[in-house]
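Here's the structure we're looking at; comments come further down.
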Amino acid sequence: MKTMKHTGLGLALTLAFPAAALADDLRIGIAASLTGAYAPYAEVEGARCMADTLNAAGKGPKIELMVEDTRSDPQLSVTIAQKFLDRGAQVVTGIPFPDSLIPIAQVAQASGATVFSAPNTQVEMQMAGFENFIAGAVPDPVNAAATAEAAWAAGARNVVLLKSADAGSWSDMLPEWFGQSFEHHGGKVVGRLSHSIGTSDWSPQIAQIRAMDPAPDAVMISSVLPDVGILIRQLRANGFDGLVIGSDGFDDPSLEGAVDDAATLEKVIFATHGPTGTGGRIDEFLADCKARGFAVQGIFDALGADMVLETHAAAMHAGSVDPVAIREALRAEGGNPGITAEVISYAENGGAPVKTVPVIGFRDGKRVVLQDSIPTFVPDWR
């Protein structure tokens, strides 16, 4: 039995497990994007905060976090992960894309270690079928389907998809899965345009959008800040008054500052991994971490905390820090506690969690939860 209590801004964890401490440490190695293009999406500070919380509680195995900077380089990510495995890590992770995670999963098989990628959403890792891989976030088709439901409910009827091959299926196929879901609900995809991550001048795409007939009342893109902030501002400056729809890449605290206009923000919606900026339990966790000196930023830190909390709880259930026993306990019926959701279960899918998908919008410049549920229709991606 697991219970989680929040007192003021503090996080108090009570884990009702046998009192005897496990003999060995739980070692988690994070090959992290502390610098480079993916730094805003690193999970490290949330993982550190949770490890500190659990170590202070003194129950179960002590957690040793090993962290090194990959500089957002996939090959360096693999090299660092191997170093962690050589030091006895039961759990490792790297940059949350297949060109990093697939080779890490391959080398981790020898020791039985789990590759637990807190922010990974790409279906390549699920389709590859690695028994030792676990993602902390729902797959991209589920994210896309949730956003499509919310976009239809918000009145969008004609959408143009902006696609990029630069970040694999996350930036290329997620918009397509959105389109399939959107058309299932009655909408229409009226165009597909390409872009590159790092774009600062969207005038070619905007010119094509303005020339479309029928005119789209929504634009969907799965990309990162600052790109999407620039896109939103330039669309608005060129008279586009429809919805701008995004994925978890929009869930960066810099989004509001990048747009800096309450009326424009009200035309932005995106699906993410848990509501932040809305005064809920994730915000409370992040505030507690900040008060204790951890430089947490947002939802990706909460996913990092999930990875540590779930892995520690699984070791407690297993009564062991053996990596295979931990992985079996992670996938056991009933799930394990999380920050982004009360309970996170892998029993159903093995490598991907089952949990609700919040869709965020804005009112008066503030974030609001438009819906938080499991989507009713998800495209067949397997």
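All residue names refer to the structure tokens as shown: chains lettered A, B, ... in order, residues numbered from 1 in each chain, ligands numbered from 1 in order.
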Practice task
Name the residues in contact with Leu265 in chain A at a cut-off of 10 Å, using only C-alpha atoms, excluding same-chain residues fewer than 4 positions from it; report them as a VMD selection string.
Solution key: chain A and resid 232 to 233 243 to 244 255 to 256 259 to 261 269 361 to 367
With N, CA and C atoms retained, export the selected residues as a PDB file, in the first residue's frame.
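Saved the output as result-v5.pdb:
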```
ATOM      1  N   ILE A 232       4.030  31.261 -33.376  1.00  0.00           N
ATOM      2  CA  ILE A 232       2.760  31.820 -32.888  1.00  0.00           C
ATOM      3  C   ILE A 232       2.720  33.329 -33.106  1.00  0.00           C
ATOM      4  N   ARG A 233       3.802  34.018 -32.757  1.00  0.00           N
ATOM      5  CA  ARG A 233       3.838  35.470 -32.928  1.00  0.00           C
ATOM      6  C   ARG A 233       3.739  35.868 -34.403  1.00  0.00           C
ATOM      7  N   LEU A 243      -6.534  28.466 -34.057  1.00  0.00           N
ATOM      8  CA  LEU A 243      -5.820  27.765 -33.001  1.00  0.00           C
ATOM      9  C   LEU A 243      -4.426  27.373 -33.458  1.00  0.00           C
ATOM     10  N   VAL A 244      -3.468  27.452 -32.547  1.00  0.00           N
ATOM     11  CA  VAL A 244      -2.158  26.836 -32.737  1.00  0.00           C
ATOM     12  C   VAL A 244      -2.077  25.690 -31.738  1.00  0.00           C
ATOM     13  N   LEU A 255       7.121  29.502 -22.609  1.00  0.00           N
ATOM     14  CA  LEU A 255       6.100  29.707 -23.644  1.00  0.00           C
ATOM     15  C   LEU A 255       5.338  31.006 -23.436  1.00  0.00           C
ATOM     16  N   GLU A 256       4.875  31.251 -22.203  1.00  0.00           N
ATOM     17  CA  GLU A 256       4.096  32.457 -21.946  1.00  0.00           C
ATOM     18  C   GLU A 256       4.900  33.716 -22.253  1.00  0.00           C
ATOM     19  N   VAL A 259       5.296  34.259 -26.091  1.00  0.00           N
ATOM     20  CA  VAL A 259       4.105  34.770 -26.777  1.00  0.00           C
ATOM     21  C   VAL A 259       3.758  36.168 -26.257  1.00  0.00           C
ATOM     22  N   ASP A 260       3.737  36.305 -24.930  1.00  0.00           N
ATOM     23  CA  ASP A 260       3.593  37.618 -24.267  1.00  0.00           C
ATOM     24  C   ASP A 260       2.364  38.394 -24.723  1.00  0.00           C
ATOM     25  N   ASP A 261       1.261  37.690 -24.909  1.00  0.00           N
ATOM     26  CA  ASP A 261       0.006  38.358 -25.254  1.00  0.00           C
ATOM     27  C   ASP A 261      -1.131  37.429 -24.855  1.00  0.00           C
ATOM     28  N   ILE A 269      -3.313  25.598 -27.615  1.00  0.00           N
ATOM     29  CA  ILE A 269      -3.601  24.425 -26.784  1.00  0.00           C
ATOM     30  C   ILE A 269      -2.528  23.372 -27.051  1.00  0.00           C
ATOM     31  N   GLY A 361      -4.925  24.758 -22.052  1.00  0.00           N
ATOM     32  CA  GLY A 361      -5.255  25.976 -22.772  1.00  0.00           C
ATOM     33  C   GLY A 361      -4.952  27.170 -21.884  1.00  0.00           C
ATOM     34  N   PHE A 362      -5.425  28.349 -22.292  1.00  0.00           N
ATOM     35  CA  PHE A 362      -5.129  29.573 -21.538  1.00  0.00           C
ATOM     36  C   PHE A 362      -6.391  30.422 -21.397  1.00  0.00           C
ATOM     37  N   ARG A 363      -6.542  31.022 -20.237  1.00  0.00           N
ATOM     38  CA  ARG A 363      -7.596  31.993 -19.970  1.00  0.00           C
ATOM     39  C   ARG A 363      -6.962  33.165 -19.227  1.00  0.00           C
ATOM     40  N   ASP A 364      -7.118  34.367 -19.765  1.00  0.00           N
ATOM     41  CA  ASP A 364      -6.534  35.570 -19.150  1.00  0.00           C
ATOM     42  C   ASP A 364      -5.042  35.407 -18.908  1.00  0.00           C
ATOM     43  N   GLY A 365      -4.357  34.745 -19.849  1.00  0.00           N
ATOM     44  CA  GLY A 365      -2.922  34.567 -19.753  1.00  0.00           C
ATOM     45  C   GLY A 365      -2.467  33.469 -18.824  1.00  0.00           C
ATOM     46  N   LYS A 366      -3.412  32.748 -18.194  1.00  0.00           N
ATOM     47  CA  LYS A 366      -3.085  31.693 -17.243  1.00  0.00           C
ATOM     48  C   LYS A 366      -3.451  30.325 -17.818  1.00  0.00           C
ATOM     49  N   ARG A 367      -2.693  29.328 -17.438  1.00  0.00           N
ATOM     50  CA  ARG A 367      -2.966  27.969 -17.901  1.00  0.00           C
ATOM     51  C   ARG A 367      -4.224  27.411 -17.255  1.00  0.00           C
TER      52      ARG A 367
END
```
Residue list (helix (DSSP H, G or I), DSSP) for range 174-330 of chain A, as an mmCIF file with N, CA, C and O atoms, in the first residue's frame:
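Contents of the output file selection-v2.cif:
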```cif
data_model
loop_
_atom_site.group_PDB
_atom_site.id
_atom_site.type_symbol
_atom_site.label_atom_id
_atom_site.label_comp_id
_atom_site.auth_asym_id
_atom_site.auth_seq_id
_atom_site.Cartn_x
_atom_site.Cartn_y
_atom_site.Cartn_z
ATOM 1 N N LEU A 174 3.729 12.581 -35.228
ATOM 2 C CA LEU A 174 2.727 13.026 -34.259
ATOM 3 C C LEU A 174 1.674 13.924 -34.912
ATOM 4 O O LEU A 174 0.475 13.744 -34.664
ATOM 5 N N PRO A 175 2.069 14.893 -35.762
ATOM 6 C CA PRO A 175 1.027 15.660 -36.460
ATOM 7 C C PRO A 175 0.120 14.791 -37.321
ATOM 8 O O PRO A 175 -1.094 15.058 -37.420
ATOM 9 N N GLU A 176 0.666 13.736 -37.931
ATOM 10 C CA GLU A 176 -0.168 12.842 -38.746
ATOM 11 C C GLU A 176 -1.171 12.091 -37.878
ATOM 12 O O GLU A 176 -2.335 11.922 -38.253
ATOM 13 N N TRP A 177 -0.718 11.615 -36.713
ATOM 14 C CA TRP A 177 -1.647 10.940 -35.803
ATOM 15 C C TRP A 177 -2.718 11.911 -35.311
ATOM 16 O O TRP A 177 -3.874 11.522 -35.149
ATOM 17 N N PHE A 178 -2.319 13.149 -35.076
ATOM 18 C CA PHE A 178 -3.320 14.172 -34.753
ATOM 19 C C PHE A 178 -4.333 14.268 -35.887
ATOM 20 O O PHE A 178 -5.549 14.297 -35.650
ATOM 21 N N GLY A 179 -3.844 14.340 -37.137
ATOM 22 C CA GLY A 179 -4.737 14.475 -38.282
ATOM 23 C C GLY A 179 -5.703 13.316 -38.399
ATOM 24 O O GLY A 179 -6.899 13.510 -38.676
ATOM 25 N N GLN A 180 -5.217 12.098 -38.176
ATOM 26 C CA GLN A 180 -6.101 10.933 -38.240
ATOM 27 C C GLN A 180 -7.191 11.004 -37.174
ATOM 28 O O GLN A 180 -8.367 10.713 -37.439
ATOM 29 N N SER A 181 -6.795 11.394 -35.972
ATOM 30 C CA SER A 181 -7.776 11.512 -34.892
ATOM 31 C C SER A 181 -8.753 12.653 -35.158
ATOM 32 O O SER A 181 -9.972 12.515 -34.933
ATOM 33 N N PHE A 182 -8.235 13.764 -35.634
ATOM 34 C CA PHE A 182 -9.061 14.938 -35.929
ATOM 35 C C PHE A 182 -10.109 14.603 -36.992
ATOM 36 O O PHE A 182 -11.290 14.971 -36.858
ATOM 37 N N GLU A 183 -9.714 13.886 -38.032
ATOM 38 C CA GLU A 183 -10.662 13.511 -39.082
ATOM 39 C C GLU A 183 -11.652 12.464 -38.575
ATOM 40 O O GLU A 183 -12.807 12.436 -38.999
ATOM 41 N N HIS A 184 -11.225 11.615 -37.640
ATOM 42 C CA HIS A 184 -12.155 10.665 -37.024
ATOM 43 C C HIS A 184 -13.298 11.403 -36.323
ATOM 44 O O HIS A 184 -14.446 10.946 -36.346
ATOM 45 N N SER A 203 7.961 32.782 -42.573
ATOM 46 C CA SER A 203 7.197 33.441 -43.634
ATOM 47 C C SER A 203 6.867 32.531 -44.822
ATOM 48 O O SER A 203 5.765 32.658 -45.393
ATOM 49 N N PRO A 204 7.743 31.594 -45.251
ATOM 50 C CA PRO A 204 7.343 30.717 -46.354
ATOM 51 C C PRO A 204 6.121 29.856 -46.015
ATOM 52 O O PRO A 204 5.197 29.723 -46.827
ATOM 53 N N GLN A 205 6.122 29.272 -44.804
ATOM 54 C CA GLN A 205 4.979 28.445 -44.411
ATOM 55 C C GLN A 205 3.717 29.296 -44.237
ATOM 56 O O GLN A 205 2.614 28.877 -44.620
ATOM 57 N N ILE A 206 3.872 30.477 -43.659
ATOM 58 C CA ILE A 206 2.710 31.340 -43.438
ATOM 59 C C ILE A 206 2.111 31.787 -44.765
ATOM 60 O O ILE A 206 0.883 31.842 -44.925
ATOM 61 N N ALA A 207 2.951 32.063 -45.760
ATOM 62 C CA ALA A 207 2.440 32.435 -47.082
ATOM 63 C C ALA A 207 1.610 31.304 -47.687
ATOM 64 O O ALA A 207 0.549 31.545 -48.299
ATOM 65 N N GLN A 208 2.066 30.083 -47.506
ATOM 66 C CA GLN A 208 1.306 28.937 -48.025
ATOM 67 C C GLN A 208 -0.002 28.741 -47.259
ATOM 68 O O GLN A 208 -1.030 28.397 -47.847
ATOM 69 N N ILE A 209 0.030 28.973 -45.969
ATOM 70 C CA ILE A 209 -1.192 28.854 -45.169
ATOM 71 C C ILE A 209 -2.218 29.885 -45.616
ATOM 72 O O ILE A 209 -3.411 29.580 -45.776
ATOM 73 N N ARG A 210 -1.768 31.122 -45.863
ATOM 74 C CA ARG A 210 -2.673 32.189 -46.283
ATOM 75 C C ARG A 210 -3.306 31.897 -47.642
ATOM 76 O O ARG A 210 -4.411 32.378 -47.938
ATOM 77 N N ASP A 227 11.210 27.914 -31.167
ATOM 78 C CA ASP A 227 10.600 27.865 -32.506
ATOM 79 C C ASP A 227 9.105 28.139 -32.473
ATOM 80 O O ASP A 227 8.582 28.950 -33.252
ATOM 81 N N VAL A 228 8.389 27.434 -31.581
ATOM 82 C CA VAL A 228 6.929 27.538 -31.613
ATOM 83 C C VAL A 228 6.460 28.904 -31.116
ATOM 84 O O VAL A 228 5.427 29.414 -31.561
ATOM 85 N N GLY A 229 7.207 29.517 -30.205
ATOM 86 C CA GLY A 229 6.854 30.866 -29.777
ATOM 87 C C GLY A 229 6.967 31.858 -30.923
ATOM 88 O O GLY A 229 6.101 32.730 -31.107
ATOM 89 N N ILE A 230 8.036 31.715 -31.704
ATOM 90 C CA ILE A 230 8.213 32.580 -32.875
ATOM 91 C C ILE A 230 7.100 32.343 -33.888
ATOM 92 O O ILE A 230 6.530 33.291 -34.451
ATOM 93 N N LEU A 231 6.762 31.072 -34.133
ATOM 94 C CA LEU A 231 5.685 30.733 -35.066
ATOM 95 C C LEU A 231 4.377 31.382 -34.639
ATOM 96 O O LEU A 231 3.674 31.993 -35.460
ATOM 97 N N ILE A 232 4.030 31.261 -33.376
ATOM 98 C CA ILE A 232 2.760 31.820 -32.888
ATOM 99 C C ILE A 232 2.720 33.329 -33.106
ATOM 100 O O ILE A 232 1.726 33.874 -33.589
ATOM 101 N N ARG A 233 3.802 34.018 -32.757
ATOM 102 C CA ARG A 233 3.838 35.470 -32.928
ATOM 103 C C ARG A 233 3.739 35.868 -34.403
ATOM 104 O O ARG A 233 3.020 36.811 -34.753
ATOM 105 N N GLN A 234 4.447 35.152 -35.273
ATOM 106 C CA GLN A 234 4.441 35.506 -36.689
ATOM 107 C C GLN A 234 3.105 35.183 -37.356
ATOM 108 O O GLN A 234 2.652 35.928 -38.236
ATOM 109 N N LEU A 235 2.463 34.091 -36.930
ATOM 110 C CA LEU A 235 1.119 33.805 -37.436
ATOM 111 C C LEU A 235 0.164 34.937 -37.077
ATOM 112 O O LEU A 235 -0.607 35.417 -37.907
ATOM 113 N N ARG A 236 0.214 35.351 -35.819
ATOM 114 C CA ARG A 236 -0.668 36.416 -35.338
ATOM 115 C C ARG A 236 -0.406 37.724 -36.088
ATOM 116 O O ARG A 236 -1.342 38.427 -36.492
ATOM 117 N N ALA A 237 0.876 38.039 -36.299
ATOM 118 C CA ALA A 237 1.235 39.276 -36.990
ATOM 119 C C ALA A 237 0.760 39.286 -38.433
ATOM 120 O O ALA A 237 0.560 40.346 -39.026
ATOM 121 N N ASP A 248 3.859 18.069 -26.261
ATOM 122 C CA ASP A 248 4.560 18.339 -25.010
ATOM 123 C C ASP A 248 5.728 19.298 -25.172
ATOM 124 O O ASP A 248 6.203 19.858 -24.179
ATOM 125 N N GLY A 249 6.212 19.508 -26.411
ATOM 126 C CA GLY A 249 7.268 20.474 -26.623
ATOM 127 C C GLY A 249 6.860 21.897 -26.286
ATOM 128 O O GLY A 249 7.715 22.757 -26.055
ATOM 129 N N PHE A 250 5.550 22.164 -26.258
ATOM 130 C CA PHE A 250 5.044 23.474 -25.851
ATOM 131 C C PHE A 250 5.134 23.672 -24.338
ATOM 132 O O PHE A 250 5.060 24.805 -23.862
ATOM 133 N N SER A 254 8.877 28.939 -20.585
ATOM 134 C CA SER A 254 9.178 30.109 -21.406
ATOM 135 C C SER A 254 8.098 30.401 -22.445
ATOM 136 O O SER A 254 8.152 31.445 -23.101
ATOM 137 N N LEU A 255 7.121 29.502 -22.609
ATOM 138 C CA LEU A 255 6.100 29.707 -23.644
ATOM 139 C C LEU A 255 5.338 31.006 -23.436
ATOM 140 O O LEU A 255 5.171 31.803 -24.372
ATOM 141 N N GLU A 256 4.875 31.251 -22.203
ATOM 142 C CA GLU A 256 4.096 32.457 -21.946
ATOM 143 C C GLU A 256 4.900 33.716 -22.253
ATOM 144 O O GLU A 256 4.388 34.663 -22.851
ATOM 145 N N GLY A 257 6.178 33.727 -21.864
ATOM 146 C CA GLY A 257 7.005 34.884 -22.155
ATOM 147 C C GLY A 257 7.290 35.041 -23.633
ATOM 148 O O GLY A 257 7.395 36.156 -24.143
ATOM 149 N N ALA A 258 7.415 33.908 -24.338
ATOM 150 C CA ALA A 258 7.696 33.958 -25.771
ATOM 151 C C ALA A 258 6.522 34.539 -26.549
ATOM 152 O O ALA A 258 6.710 35.248 -27.543
ATOM 153 N N VAL A 259 5.296 34.259 -26.091
ATOM 154 C CA VAL A 259 4.105 34.770 -26.777
ATOM 155 C C VAL A 259 3.758 36.168 -26.257
ATOM 156 O O VAL A 259 3.488 37.094 -27.014
ATOM 157 N N ALA A 262 -1.953 37.858 -23.905
ATOM 158 C CA ALA A 262 -2.993 36.990 -23.355
ATOM 159 C C ALA A 262 -3.992 36.562 -24.418
ATOM 160 O O ALA A 262 -4.434 35.403 -24.436
ATOM 161 N N ALA A 263 -4.367 37.475 -25.315
ATOM 162 C CA ALA A 263 -5.342 37.128 -26.356
ATOM 163 C C ALA A 263 -4.793 36.064 -27.304
ATOM 164 O O ALA A 263 -5.514 35.149 -27.719
ATOM 165 N N THR A 264 -3.507 36.175 -27.633
ATOM 166 C CA THR A 264 -2.890 35.174 -28.506
ATOM 167 C C THR A 264 -2.766 33.839 -27.796
ATOM 168 O O THR A 264 -3.009 32.778 -28.387
ATOM 169 N N LEU A 265 -2.392 33.851 -26.511
ATOM 170 C CA LEU A 265 -2.281 32.608 -25.743
ATOM 171 C C LEU A 265 -3.605 31.850 -25.705
ATOM 172 O O LEU A 265 -3.612 30.615 -25.661
ATOM 173 N N ARG A 281 -1.065 19.291 -7.864
ATOM 174 C CA ARG A 281 -0.086 18.526 -7.084
ATOM 175 C C ARG A 281 1.311 18.580 -7.699
ATOM 176 O O ARG A 281 2.315 18.568 -6.977
ATOM 177 N N ILE A 282 1.406 18.648 -9.034
ATOM 178 C CA ILE A 282 2.728 18.751 -9.660
ATOM 179 C C ILE A 282 3.365 20.083 -9.296
ATOM 180 O O ILE A 282 4.560 20.152 -8.967
ATOM 181 N N ASP A 283 2.584 21.154 -9.343
ATOM 182 C CA ASP A 283 3.113 22.471 -8.963
ATOM 183 C C ASP A 283 3.579 22.475 -7.512
ATOM 184 O O ASP A 283 4.590 23.099 -7.174
ATOM 185 N N GLU A 284 2.848 21.781 -6.673
ATOM 186 C CA GLU A 284 3.241 21.718 -5.261
ATOM 187 C C GLU A 284 4.576 21.005 -5.108
ATOM 188 O O GLU A 284 5.451 21.445 -4.348
ATOM 189 N N PHE A 285 4.737 19.910 -5.821
ATOM 190 C CA PHE A 285 6.007 19.188 -5.791
ATOM 191 C C PHE A 285 7.147 20.082 -6.284
ATOM 192 O O PHE A 285 8.214 20.169 -5.664
ATOM 193 N N LEU A 286 6.939 20.761 -7.399
ATOM 194 C CA LEU A 286 7.982 21.616 -7.960
ATOM 195 C C LEU A 286 8.322 22.775 -7.015
ATOM 196 O O LEU A 286 9.499 23.138 -6.858
ATOM 197 N N ALA A 287 7.304 23.348 -6.387
ATOM 198 C CA ALA A 287 7.542 24.441 -5.448
ATOM 199 C C ALA A 287 8.359 23.962 -4.254
ATOM 200 O O ALA A 287 9.259 24.670 -3.770
ATOM 201 N N ASP A 288 8.047 22.761 -3.772
ATOM 202 C CA ASP A 288 8.804 22.200 -2.661
ATOM 203 C C ASP A 288 10.260 21.989 -3.056
ATOM 204 O O ASP A 288 11.187 22.308 -2.288
ATOM 205 N N CYS A 289 10.482 21.475 -4.265
ATOM 206 C CA CYS A 289 11.853 21.264 -4.738
ATOM 207 C C CYS A 289 12.610 22.584 -4.835
ATOM 208 O O CYS A 289 13.772 22.684 -4.418
ATOM 209 N N LYS A 290 11.963 23.607 -5.391
ATOM 210 C CA LYS A 290 12.607 24.913 -5.502
ATOM 211 C C LYS A 290 12.977 25.460 -4.131
ATOM 212 O O LYS A 290 14.061 26.031 -3.937
ATOM 213 N N ALA A 291 12.076 25.283 -3.173
ATOM 214 C CA ALA A 291 12.339 25.784 -1.822
ATOM 215 C C ALA A 291 13.535 25.083 -1.194
ATOM 216 O O ALA A 291 14.208 25.645 -0.317
ATOM 217 N N ILE A 299 7.311 20.285 -16.202
ATOM 218 C CA ILE A 299 6.763 18.934 -16.279
ATOM 219 C C ILE A 299 7.835 17.872 -16.467
ATOM 220 O O ILE A 299 7.710 16.749 -15.978
ATOM 221 N N PHE A 300 8.929 18.196 -17.155
ATOM 222 C CA PHE A 300 9.946 17.178 -17.393
ATOM 223 C C PHE A 300 10.690 16.828 -16.111
ATOM 224 O O PHE A 300 11.143 15.691 -15.942
ATOM 225 N N ASP A 301 10.787 17.779 -15.188
ATOM 226 C CA ASP A 301 11.320 17.455 -13.867
ATOM 227 C C ASP A 301 10.373 16.534 -13.107
ATOM 228 O O ASP A 301 10.820 15.654 -12.362
ATOM 229 N N ALA A 302 9.082 16.730 -13.279
ATOM 230 C CA ALA A 302 8.119 15.838 -12.637
ATOM 231 C C ALA A 302 8.234 14.429 -13.196
ATOM 232 O O ALA A 302 8.107 13.444 -12.453
ATOM 233 N N LEU A 303 8.493 14.303 -14.494
ATOM 234 C CA LEU A 303 8.701 12.978 -15.087
ATOM 235 C C LEU A 303 9.973 12.334 -14.532
ATOM 236 O O LEU A 303 10.011 11.117 -14.302
ATOM 237 N N GLY A 304 11.018 13.139 -14.324
ATOM 238 C CA GLY A 304 12.225 12.611 -13.705
ATOM 239 C C GLY A 304 11.969 12.112 -12.294
ATOM 240 O O GLY A 304 12.492 11.073 -11.872
ATOM 241 N N ALA A 305 11.149 12.850 -11.566
ATOM 242 C CA ALA A 305 10.767 12.415 -10.217
ATOM 243 C C ALA A 305 9.981 11.113 -10.265
ATOM 244 O O ALA A 305 10.173 10.220 -9.431
ATOM 245 N N ASP A 306 9.086 10.985 -11.253
ATOM 246 C CA ASP A 306 8.351 9.734 -11.439
ATOM 247 C C ASP A 306 9.297 8.554 -11.597
ATOM 248 O O ASP A 306 9.111 7.494 -10.983
ATOM 249 N N MET A 307 10.314 8.714 -12.453
ATOM 250 C CA MET A 307 11.253 7.623 -12.706
ATOM 251 C C MET A 307 11.895 7.144 -11.409
ATOM 252 O O MET A 307 11.974 5.935 -11.138
ATOM 253 N N VAL A 308 12.340 8.090 -10.580
ATOM 254 C CA VAL A 308 13.008 7.725 -9.329
ATOM 255 C C VAL A 308 12.014 7.124 -8.344
ATOM 256 O O VAL A 308 12.274 6.085 -7.718
ATOM 257 N N LEU A 309 10.854 7.753 -8.194
ATOM 258 C CA LEU A 309 9.855 7.290 -7.229
ATOM 259 C C LEU A 309 9.334 5.912 -7.586
ATOM 260 O O LEU A 309 9.235 5.021 -6.728
ATOM 261 N N GLU A 310 9.009 5.701 -8.857
ATOM 262 C CA GLU A 310 8.498 4.393 -9.284
ATOM 263 C C GLU A 310 9.556 3.299 -9.135
ATOM 264 O O GLU A 310 9.251 2.180 -8.691
ATOM 265 N N THR A 311 10.790 3.599 -9.517
ATOM 266 C CA THR A 311 11.854 2.598 -9.438
ATOM 267 C C THR A 311 12.136 2.221 -7.989
ATOM 268 O O THR A 311 12.316 1.043 -7.656
ATOM 269 N N HIS A 312 12.152 3.219 -7.115
ATOM 270 C CA HIS A 312 12.391 2.952 -5.691
ATOM 271 C C HIS A 312 11.251 2.122 -5.107
ATOM 272 O O HIS A 312 11.483 1.154 -4.366
ATOM 273 N N ALA A 313 10.020 2.484 -5.432
ATOM 274 C CA ALA A 313 8.874 1.711 -4.938
ATOM 275 C C ALA A 313 8.923 0.276 -5.453
ATOM 276 O O ALA A 313 8.582 -0.669 -4.723
ATOM 277 N N ALA A 314 9.338 0.095 -6.703
ATOM 278 C CA ALA A 314 9.429 -1.256 -7.265
ATOM 279 C C ALA A 314 10.499 -2.071 -6.541
ATOM 280 O O ALA A 314 10.306 -3.272 -6.276
ATOM 281 N N ALA A 315 11.636 -1.449 -6.208
ATOM 282 C CA ALA A 315 12.660 -2.155 -5.443
ATOM 283 C C ALA A 315 12.136 -2.552 -4.071
ATOM 284 O O ALA A 315 12.433 -3.644 -3.568
ATOM 285 N N MET A 316 11.339 -1.678 -3.467
ATOM 286 C CA MET A 316 10.729 -2.006 -2.176
ATOM 287 C C MET A 316 9.776 -3.183 -2.301
ATOM 288 O O MET A 316 9.770 -4.104 -1.478
ATOM 289 N N HIS A 317 8.944 -3.169 -3.331
ATOM 290 C CA HIS A 317 8.018 -4.293 -3.576
ATOM 291 C C HIS A 317 8.790 -5.594 -3.786
ATOM 292 O O HIS A 317 8.413 -6.650 -3.272
ATOM 293 N N ALA A 318 9.858 -5.500 -4.590
ATOM 294 C CA ALA A 318 10.624 -6.700 -4.919
ATOM 295 C C ALA A 318 11.467 -7.180 -3.749
ATOM 296 O O ALA A 318 11.863 -8.356 -3.710
ATOM 297 N N PRO A 323 18.250 -5.831 -10.922
ATOM 298 C CA PRO A 323 17.582 -5.047 -11.960
ATOM 299 C C PRO A 323 16.382 -5.736 -12.590
ATOM 300 O O PRO A 323 15.377 -5.078 -12.905
ATOM 301 N N VAL A 324 16.445 -7.040 -12.775
ATOM 302 C CA VAL A 324 15.324 -7.755 -13.375
ATOM 303 C C VAL A 324 14.145 -7.791 -12.406
ATOM 304 O O VAL A 324 12.990 -7.609 -12.800
ATOM 305 N N ALA A 325 14.426 -8.002 -11.116
ATOM 306 C CA ALA A 325 13.356 -8.009 -10.112
ATOM 307 C C ALA A 325 12.684 -6.643 -10.034
ATOM 308 O O ALA A 325 11.451 -6.546 -9.893
ATOM 309 N N ILE A 326 13.462 -5.573 -10.129
ATOM 310 C CA ILE A 326 12.899 -4.218 -10.118
ATOM 311 C C ILE A 326 11.981 -4.020 -11.322
ATOM 312 O O ILE A 326 10.868 -3.488 -11.198
ATOM 313 N N ARG A 327 12.438 -4.454 -12.490
ATOM 314 C CA ARG A 327 11.632 -4.263 -13.697
ATOM 315 C C ARG A 327 10.321 -5.056 -13.613
ATOM 316 O O ARG A 327 9.268 -4.573 -14.037
ATOM 317 N N GLU A 328 10.380 -6.258 -13.082
ATOM 318 C CA GLU A 328 9.157 -7.042 -12.914
ATOM 319 C C GLU A 328 8.187 -6.341 -11.974
ATOM 320 O O GLU A 328 6.973 -6.328 -12.201
ATOM 321 N N ALA A 329 8.712 -5.738 -10.917
ATOM 322 C CA ALA A 329 7.852 -5.012 -9.973
ATOM 323 C C ALA A 329 7.304 -3.727 -10.581
ATOM 324 O O ALA A 329 6.186 -3.306 -10.259
ATOM 325 N N LEU A 330 8.064 -3.090 -11.462
ATOM 326 C CA LEU A 330 7.554 -1.916 -12.165
ATOM 327 C C LEU A 330 6.331 -2.271 -13.002
ATOM 328 O O LEU A 330 5.417 -1.459 -13.166
#
```
Completion exercise
Expressed in Å, the length from CA of Val219 in chain A to CA of Val368 in chain A is 20.1 Å
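Note that the spacing between CA of Gly334 in chain A and CA of Ala145 in chain A amounts to 25.3 Å.
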Handout entry: DSSP-assigned strand (DSSP E) among range 111-223 of chain A, expressed as a ChimeraX atom specification
Key = /A:114-117,133-135,158-163,188-194,218-221
Handout entry: Length of the CA of Phe97 in chain A to CA of Lys62 in chain A vector [Å]
Key = 29.0 Å
Practice task
Rank nothing, just name the residue among A:Trp152, A:Gly129, A:Gly319, A:Leu85 nearest to Ala110 in chain A, using only C-alpha atoms.
Solution key: A:Leu85
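Among the candidates A:Gln297, A:Ser345, A:Phe133, A:Pro214, the one nearest to Ala39 in chain A when counting only C-alpha atoms is A:Gln297.
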Exercise for the section: Do a neighbour search on Ser171 in chain A at 9 Å with only C-alpha atoms, toss out local chain neighbours closer than 3 positions, and write the hits as a PyMOL selection string. Expected result: chain A and resi 162-168+174-175+197+221-223
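Shell of range 190-192 of chain A at 7 Å, with only C-alpha atoms counted and residues fewer than 2 places along the chain excluded, is Asn158, Val159, Val160, Leu161, Leu162, Lys188, Ser194 and Pro216 of chain A.
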